[in-house]
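entry.cif follows (mmCIF, C-alpha atoms):
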```cif
data_protein
#
loop_
_atom_site.label_atom_id
_atom_site.label_comp_id
_atom_site.auth_asym_id
_atom_site.auth_seq_id
_atom_site.Cartn_x
_atom_site.Cartn_y
_atom_site.Cartn_z
CA MET Q 1 69.99 95.66 111.55
CA PHE Q 2 72.32 94.71 114.38
CA GLU Q 3 72.94 97.25 117.12
CA ASP Q 4 76.67 96.47 117.23
CA ARG Q 5 79.05 93.52 117.04
CA THR Q 6 78.39 92.46 120.63
CA GLU Q 7 74.64 92.24 120.04
CA ALA Q 8 75.26 90.27 116.85
CA GLY Q 9 77.44 87.88 118.83
CA GLU Q 10 74.73 87.33 121.42
CA ARG Q 11 72.26 86.43 118.69
CA LEU Q 12 74.77 84.06 117.10
CA ALA Q 13 75.33 82.44 120.49
CA ASP Q 14 71.59 81.76 120.76
CA ALA Q 15 71.70 79.83 117.48
CA LEU Q 16 74.96 78.01 118.25
CA GLU Q 17 73.75 76.78 121.63
CA GLU Q 18 71.09 74.76 119.86
CA LEU Q 19 73.76 72.73 118.03
CA GLU Q 20 75.14 71.40 121.36
CA LEU Q 21 78.63 71.18 119.89
CA PRO Q 22 81.06 68.87 121.70
CA ASP Q 23 84.39 70.35 122.84
CA PRO Q 24 84.15 73.66 120.93
CA VAL Q 25 86.93 76.13 120.15
CA VAL Q 26 85.75 79.54 118.97
CA MET Q 27 88.03 81.12 116.36
CA ALA Q 28 87.57 84.77 115.39
CA LEU Q 29 88.74 86.41 112.20
CA PRO Q 30 90.40 89.65 113.32
CA ARG Q 31 89.83 92.34 113.72
CA GLY Q 32 86.07 92.77 113.36
CA GLY Q 33 85.19 89.18 114.15
CA LEU Q 34 86.58 89.31 117.67
CA PRO Q 35 83.87 91.43 119.38
CA VAL Q 36 81.31 89.10 117.78
CA ALA Q 37 83.12 85.96 118.88
CA LEU Q 38 83.65 86.96 122.53
CA PRO Q 39 80.00 86.53 123.62
CA VAL Q 40 79.86 83.28 121.61
CA ALA Q 41 82.87 81.87 123.48
CA ARG Q 42 81.38 82.95 126.81
CA ARG Q 43 78.05 81.27 126.10
CA LEU Q 44 79.65 78.05 124.84
CA GLY Q 45 82.23 77.99 127.65
CA ALA Q 46 84.89 77.63 124.97
CA PRO Q 47 88.42 78.98 124.54
CA LEU Q 48 88.65 81.93 122.16
CA GLU Q 49 91.36 81.97 119.52
CA LEU Q 50 92.23 84.11 116.53
CA LEU Q 51 92.31 82.65 113.04
CA LEU Q 52 95.03 84.77 111.46
CA VAL Q 53 95.04 84.97 107.66
CA ARG Q 54 97.23 86.96 105.27
CA LYS Q 55 96.45 87.35 101.60
CA ILE Q 56 99.04 86.31 99.00
CA GLY Q 57 98.90 88.86 96.18
CA LEU Q 58 99.99 88.54 92.58
CA PRO Q 59 103.30 90.22 91.69
CA GLY Q 60 102.53 93.77 90.62
CA SER Q 61 98.88 93.39 91.71
CA PRO Q 62 99.01 92.82 95.47
CA GLU Q 63 95.25 93.35 95.85
CA PHE Q 64 94.55 90.45 93.48
CA ALA Q 65 94.60 87.33 95.65
CA ALA Q 66 96.48 84.31 94.37
CA GLY Q 67 95.95 82.61 97.71
CA ALA Q 68 96.38 83.07 101.43
CA ILE Q 69 98.41 81.79 104.34
CA VAL Q 70 96.67 80.75 107.55
CA ASP Q 71 98.33 80.69 110.97
CA THR Q 72 98.69 77.12 112.26
CA PRO Q 73 100.63 75.54 115.15
CA ASP Q 74 103.25 74.26 112.69
CA GLY Q 75 104.05 77.65 111.20
CA GLY Q 76 101.40 78.50 108.62
CA GLU Q 77 99.41 76.71 105.93
CA ALA Q 78 99.47 78.22 102.43
CA VAL Q 79 96.36 77.83 100.28
CA PHE Q 80 96.47 78.81 96.60
CA ASN Q 81 93.78 79.50 94.02
CA THR Q 82 94.86 77.06 91.32
CA GLU Q 83 92.66 78.73 88.70
CA VAL Q 84 94.37 82.09 89.26
CA LEU Q 85 97.83 80.51 89.12
CA ARG Q 86 96.95 78.74 85.88
CA ALA Q 87 95.53 81.89 84.32
CA PHE Q 88 98.73 83.83 85.03
CA GLY Q 89 101.11 80.97 84.24
CA MET Q 90 102.53 80.84 87.76
CA ARG Q 91 103.52 78.09 90.21
CA GLU Q 92 103.27 77.95 93.97
CA SER Q 93 107.06 78.04 94.21
CA ASP Q 94 107.01 81.51 92.62
CA PHE Q 95 105.65 82.81 95.92
CA ASP Q 96 108.29 81.34 98.24
CA ALA Q 97 109.79 84.75 99.08
CA GLU Q 98 106.37 86.28 99.76
CA LEU Q 99 105.36 83.30 101.88
CA ALA Q 100 108.43 83.77 104.06
CA GLU Q 101 107.48 87.43 104.54
CA LYS Q 102 103.85 86.58 105.30
CA ARG Q 103 104.94 84.03 107.93
CA LYS Q 104 106.93 86.80 109.62
CA GLU Q 105 103.83 89.02 109.53
CA LEU Q 106 101.69 86.26 111.07
CA ASP Q 107 104.27 85.72 113.78
CA ALA Q 108 104.33 89.46 114.53
CA ARG Q 109 100.53 89.61 114.71
CA ARG Q 110 100.41 86.56 116.97
CA ARG Q 111 102.90 88.19 119.32
CA ARG Q 112 100.96 91.44 119.20
CA PHE Q 113 97.55 89.89 119.78
CA MET Q 114 98.37 86.78 121.80
CA GLY Q 115 101.72 87.48 123.39
CA GLY Q 116 103.39 84.92 121.13
CA ARG Q 117 101.24 82.10 122.52
CA MET Q 118 100.53 79.42 119.94
CA PRO Q 119 96.89 78.76 119.08
CA THR Q 120 94.94 76.01 120.80
CA PRO Q 121 95.10 72.78 118.74
CA VAL Q 122 91.72 72.03 117.16
CA ALA Q 123 92.32 68.39 116.17
CA GLY Q 124 89.29 66.35 117.13
CA ARG Q 125 87.37 69.40 118.38
CA SER Q 126 84.47 71.50 117.09
CA ALA Q 127 85.98 74.58 115.42
CA VAL Q 128 83.55 77.52 115.35
CA ILE Q 129 84.69 80.24 112.94
CA VAL Q 130 83.18 83.68 113.63
CA ASP Q 131 83.36 86.95 111.71
CA ASP Q 132 81.26 90.12 111.74
CA GLY Q 133 80.02 89.39 108.23
CA ILE Q 134 81.08 88.07 104.83
CA ALA Q 135 81.10 89.82 101.47
CA THR Q 136 82.82 87.73 98.78
CA GLY Q 137 84.00 84.94 101.08
CA ALA Q 138 87.56 84.85 99.72
CA THR Q 139 89.28 85.34 103.08
CA VAL Q 140 86.91 82.95 104.87
CA ARG Q 141 87.41 80.28 102.21
CA ALA Q 142 91.19 80.48 102.63
CA ALA Q 143 90.82 80.32 106.41
CA LEU Q 144 88.62 77.24 106.16
CA ALA Q 145 91.03 75.49 103.80
CA GLY Q 146 93.93 76.10 106.17
CA LEU Q 147 91.88 75.03 109.17
CA LYS Q 148 90.94 71.70 107.58
CA SER Q 149 94.61 70.70 107.57
CA GLN Q 150 94.47 70.78 111.39
CA ASP Q 151 91.90 67.95 111.41
CA PRO Q 152 89.02 69.34 113.49
CA ALA Q 153 86.14 66.95 114.14
CA ARG Q 154 83.72 69.47 112.63
CA ILE Q 155 83.80 73.01 111.30
CA VAL Q 156 81.03 75.51 111.98
CA LEU Q 157 80.94 78.91 110.26
CA ALA Q 158 78.85 81.49 112.11
CA VAL Q 159 78.30 85.06 110.88
CA PRO Q 160 75.59 87.68 111.40
CA VAL Q 161 75.20 88.70 107.74
CA ALA Q 162 76.26 87.71 104.23
CA PRO Q 163 74.79 87.74 100.72
CA PRO Q 164 72.80 84.60 99.85
CA ASP Q 165 75.05 83.53 96.96
CA THR Q 166 78.15 83.67 99.19
CA VAL Q 167 76.40 81.64 101.88
CA GLN Q 168 75.36 79.03 99.32
CA ALA Q 169 78.92 78.82 97.93
CA LEU Q 170 80.40 78.27 101.40
CA ARG Q 171 77.96 75.59 102.62
CA GLY Q 172 79.94 72.79 101.05
CA ASP Q 173 83.11 73.86 102.89
CA VAL Q 174 81.72 73.38 106.42
CA ASP Q 175 79.66 70.97 108.48
CA HIS Q 176 77.30 73.69 109.73
CA LEU Q 177 76.75 77.25 108.54
CA ILE Q 178 74.79 79.80 110.55
CA CYS Q 179 74.02 83.17 108.99
CA LEU Q 180 71.36 85.26 110.70
CA ASP Q 181 70.61 87.58 107.79
CA THR Q 182 71.05 87.01 104.04
CA PRO Q 183 69.83 90.20 102.33
CA ARG Q 184 69.48 90.02 98.56
CA ALA Q 185 70.35 93.71 98.27
CA PHE Q 186 73.67 93.20 100.07
CA GLN Q 187 76.21 96.00 99.57
CA ALA Q 188 78.56 96.01 102.56
CA VAL Q 189 78.78 94.38 105.98
CA SER Q 190 78.91 97.76 107.74
CA LEU Q 191 75.48 98.79 106.43
CA HIS Q 192 73.83 96.10 108.55
CA TYR Q 193 75.07 97.57 111.85
CA ARG Q 194 73.92 100.74 113.59
CA SER Q 195 77.37 100.98 115.22
CA PHE Q 196 80.33 99.64 113.24
CA ASP Q 197 83.43 101.27 114.71
CA GLN Q 198 86.90 100.21 113.62
CA VAL Q 199 88.51 97.63 115.91
CA SER Q 200 92.08 98.60 116.77
CA ASP Q 201 95.05 96.31 117.39
CA ASP Q 202 95.02 97.43 121.02
CA THR Q 203 91.37 96.44 121.35
CA VAL Q 204 92.09 93.00 119.87
CA ALA Q 205 94.92 92.44 122.36
CA GLN Q 206 92.75 93.59 125.27
CA LEU Q 207 89.79 91.40 124.28
CA MET Q 208 92.04 88.37 123.89
CA GLU Q 209 93.52 88.96 127.35
CA THR Q 210 90.01 89.24 128.79
CA ALA Q 211 88.89 86.06 127.04
CA ARG Q 212 91.90 84.08 128.30
CA ALA Q 213 91.37 85.25 131.88
CA GLU Q 214 87.68 84.37 131.79
CA HIS Q 215 88.34 80.93 130.31
CA ASP Q 216 91.07 80.19 132.85
CA GLU Q 217 88.65 81.14 135.64
CA ARG Q 218 85.92 78.89 134.24
CA THR Q 219 88.20 75.89 133.86
CA SER Q 220 89.71 76.30 137.37
CA ARG Q 221 86.36 76.05 139.12
#
```
Would you write out, as structure tokens, the structure that this file holds?
Amino acid sequence: MFEDRTEAGERLADALEELELPDPVVMALPRGGLPVALPVARRLGAPLELLLVRKIGLPGSPEFAAGAIVDTPDGGEAVFNTEVLRAFGMRESDFDAELAEKRKELDARRRRFMGGRMPTPVAGRSAVIVDDGIATGATVRAALAGLKSQDPARIVLAVPVAPPDTVQALRGDVDHLICLDTPRAFQAVSLHYRSFDQVSDDTVAQLMETARAEHDERTSR
């Protein structure tokens, strides 16, 4: 059990320090990943960014993911599940209207959380992806696929808890994977925390402002 997301982040930071990653950028999956990622960024002396992802649902079944769009400096990278498209007889172009709407949503979230500031480029750097836990891995897999298009030198996925089969499935998508707890009887991420409060949009914006101020202070010394 983790006490809360901050304590989980401190324990992740212990493990990540041992990798001695060159030129890291810590990227949190909002909302729950941000309180975990903040102590990681502090310990690594790295900038903290958000890795914004929006699911692309099937027409008539919006909860069934056909893919996802990931926020990137050039406006958003769409990643599709080709098996799902094939099964439903659809093409990527069938989602053009939804993609345009999702890009607007990503832009609105970026403005809300980061004041419209574009994310730090990760090309040639160590990208450290942090969340508060993983269940199926669908969102994380989409985020990783979109991130790879930005050409980071290496990708590290760091989470406090996830089921062992999900961890095994994701290992091939990253250079390093750190998961502190892989319970076989996994049911939900929240059950592995004593305190697992909802993280509001306001909290995300405040934590990002704090992280930017701290990083600016570190780099100005």
Could I get the residues of segment 35-71 of chain Q with an atom no further than 7 Å from an atom of segment 116-135 of chain Q, each paired with its nearest atom pair and that distance in Å to one decimal, using only C-alpha atoms, sorted by chain and residue number, as JSON lines?
```
{"residue": "Q:Val36", "atom": "CA", "partner": "Q:Asp132", "partner_atom": "CA", "distance": 6.1}
{"residue": "Q:Ala37", "atom": "CA", "partner": "Q:Val130", "partner_atom": "CA", "distance": 5.7}
{"residue": "Q:Glu49", "atom": "CA", "partner": "Q:Pro119", "partner_atom": "CA", "distance": 6.4}
```
Nearest residue to Glu18 of chain Q from the set Q:Arg109, Q:His215, Q:His176, Q:Arg184 (distances using only C-alpha atoms) | Q:His176
Since I can't run it myself right now, could you work out what the PyMOL selection byres ((chain Q and resi 52-54) around 9) selects here and report it as a PDB file with C-alpha atoms, keeping the file's coordinate frame?
```pdb
ATOM      1  CA  ALA Q  28      87.570  84.770 115.390  1.00  0.00           C
ATOM      2  CA  LEU Q  29      88.740  86.410 112.200  1.00  0.00           C
ATOM      3  CA  PRO Q  30      90.400  89.650 113.320  1.00  0.00           C
ATOM      4  CA  LEU Q  50      92.230  84.110 116.530  1.00  0.00           C
ATOM      5  CA  LEU Q  51      92.310  82.650 113.040  1.00  0.00           C
ATOM      6  CA  LYS Q  55      96.450  87.350 101.600  1.00  0.00           C
ATOM      7  CA  ILE Q  56      99.040  86.310  99.000  1.00  0.00           C
ATOM      8  CA  GLY Q  67      95.950  82.610  97.710  1.00  0.00           C
ATOM      9  CA  ALA Q  68      96.380  83.070 101.430  1.00  0.00           C
ATOM     10  CA  ILE Q  69      98.410  81.790 104.340  1.00  0.00           C
ATOM     11  CA  VAL Q  70      96.670  80.750 107.550  1.00  0.00           C
ATOM     12  CA  ASP Q  71      98.330  80.690 110.970  1.00  0.00           C
ATOM     13  CA  THR Q  72      98.690  77.120 112.260  1.00  0.00           C
ATOM     14  CA  LYS Q 102     103.850  86.580 105.300  1.00  0.00           C
ATOM     15  CA  ARG Q 103     104.940  84.030 107.930  1.00  0.00           C
ATOM     16  CA  GLU Q 105     103.830  89.020 109.530  1.00  0.00           C
ATOM     17  CA  LEU Q 106     101.690  86.260 111.070  1.00  0.00           C
ATOM     18  CA  ARG Q 109     100.530  89.610 114.710  1.00  0.00           C
ATOM     19  CA  ARG Q 110     100.410  86.560 116.970  1.00  0.00           C
ATOM     20  CA  THR Q 139      89.280  85.340 103.080  1.00  0.00           C
ATOM     21  CA  VAL Q 140      86.910  82.950 104.870  1.00  0.00           C
ATOM     22  CA  ALA Q 142      91.190  80.480 102.630  1.00  0.00           C
ATOM     23  CA  ALA Q 143      90.820  80.320 106.410  1.00  0.00           C
TER      24      ALA Q 143
END
```
Two-atom distance - atom CA of Met90 of chain Q, atom CA of Ala138 of chain Q (Å) |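 Taking atom CA of Met90 of chain Q and atom CA of Ala138 of chain Q, their separation equals 19.6 Å.
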Expansion of the PyMOL selection byres ((chain Q and resi 186) around 10) into residues, as an NGL selection string = :Q and (135 or 161-164 or 182-185 or 187-189 or 191-192)
Please evaluate the PyMOL selection byres ((chain Q and resi 1-17) around 9) against the structure above and give the resulting residues as a short mmCIF file (atom, residue, chain, number, x, y, z; two decimals) with C-alpha atoms, keeping the file's coordinate frame.
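Wrote selection_7.cif, looks like this:
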```
data_model
loop_
_atom_site.label_atom_id
_atom_site.label_comp_id
_atom_site.auth_asym_id
_atom_site.auth_seq_id
_atom_site.Cartn_x
_atom_site.Cartn_y
_atom_site.Cartn_z
CA GLU Q 18 71.09 74.76 119.86
CA LEU Q 19 73.76 72.73 118.03
CA GLU Q 20 75.14 71.40 121.36
CA LEU Q 21 78.63 71.18 119.89
CA GLY Q 32 86.07 92.77 113.36
CA GLY Q 33 85.19 89.18 114.15
CA LEU Q 34 86.58 89.31 117.67
CA PRO Q 35 83.87 91.43 119.38
CA VAL Q 36 81.31 89.10 117.78
CA ALA Q 37 83.12 85.96 118.88
CA LEU Q 38 83.65 86.96 122.53
CA PRO Q 39 80.00 86.53 123.62
CA VAL Q 40 79.86 83.28 121.61
CA ALA Q 41 82.87 81.87 123.48
CA ARG Q 42 81.38 82.95 126.81
CA ARG Q 43 78.05 81.27 126.10
CA LEU Q 44 79.65 78.05 124.84
CA VAL Q 130 83.18 83.68 113.63
CA ASP Q 132 81.26 90.12 111.74
CA ALA Q 158 78.85 81.49 112.11
CA VAL Q 159 78.30 85.06 110.88
CA PRO Q 160 75.59 87.68 111.40
CA ILE Q 178 74.79 79.80 110.55
CA CYS Q 179 74.02 83.17 108.99
CA LEU Q 180 71.36 85.26 110.70
CA ASP Q 181 70.61 87.58 107.79
CA LEU Q 191 75.48 98.79 106.43
CA HIS Q 192 73.83 96.10 108.55
CA TYR Q 193 75.07 97.57 111.85
CA ARG Q 194 73.92 100.74 113.59
CA SER Q 195 77.37 100.98 115.22
CA PHE Q 196 80.33 99.64 113.24
CA ASP Q 197 83.43 101.27 114.71
#
```
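Relative to atom CA of Phe80 of chain Q, atom CA of Asp107 of chain Q is found at 20.1 Å.
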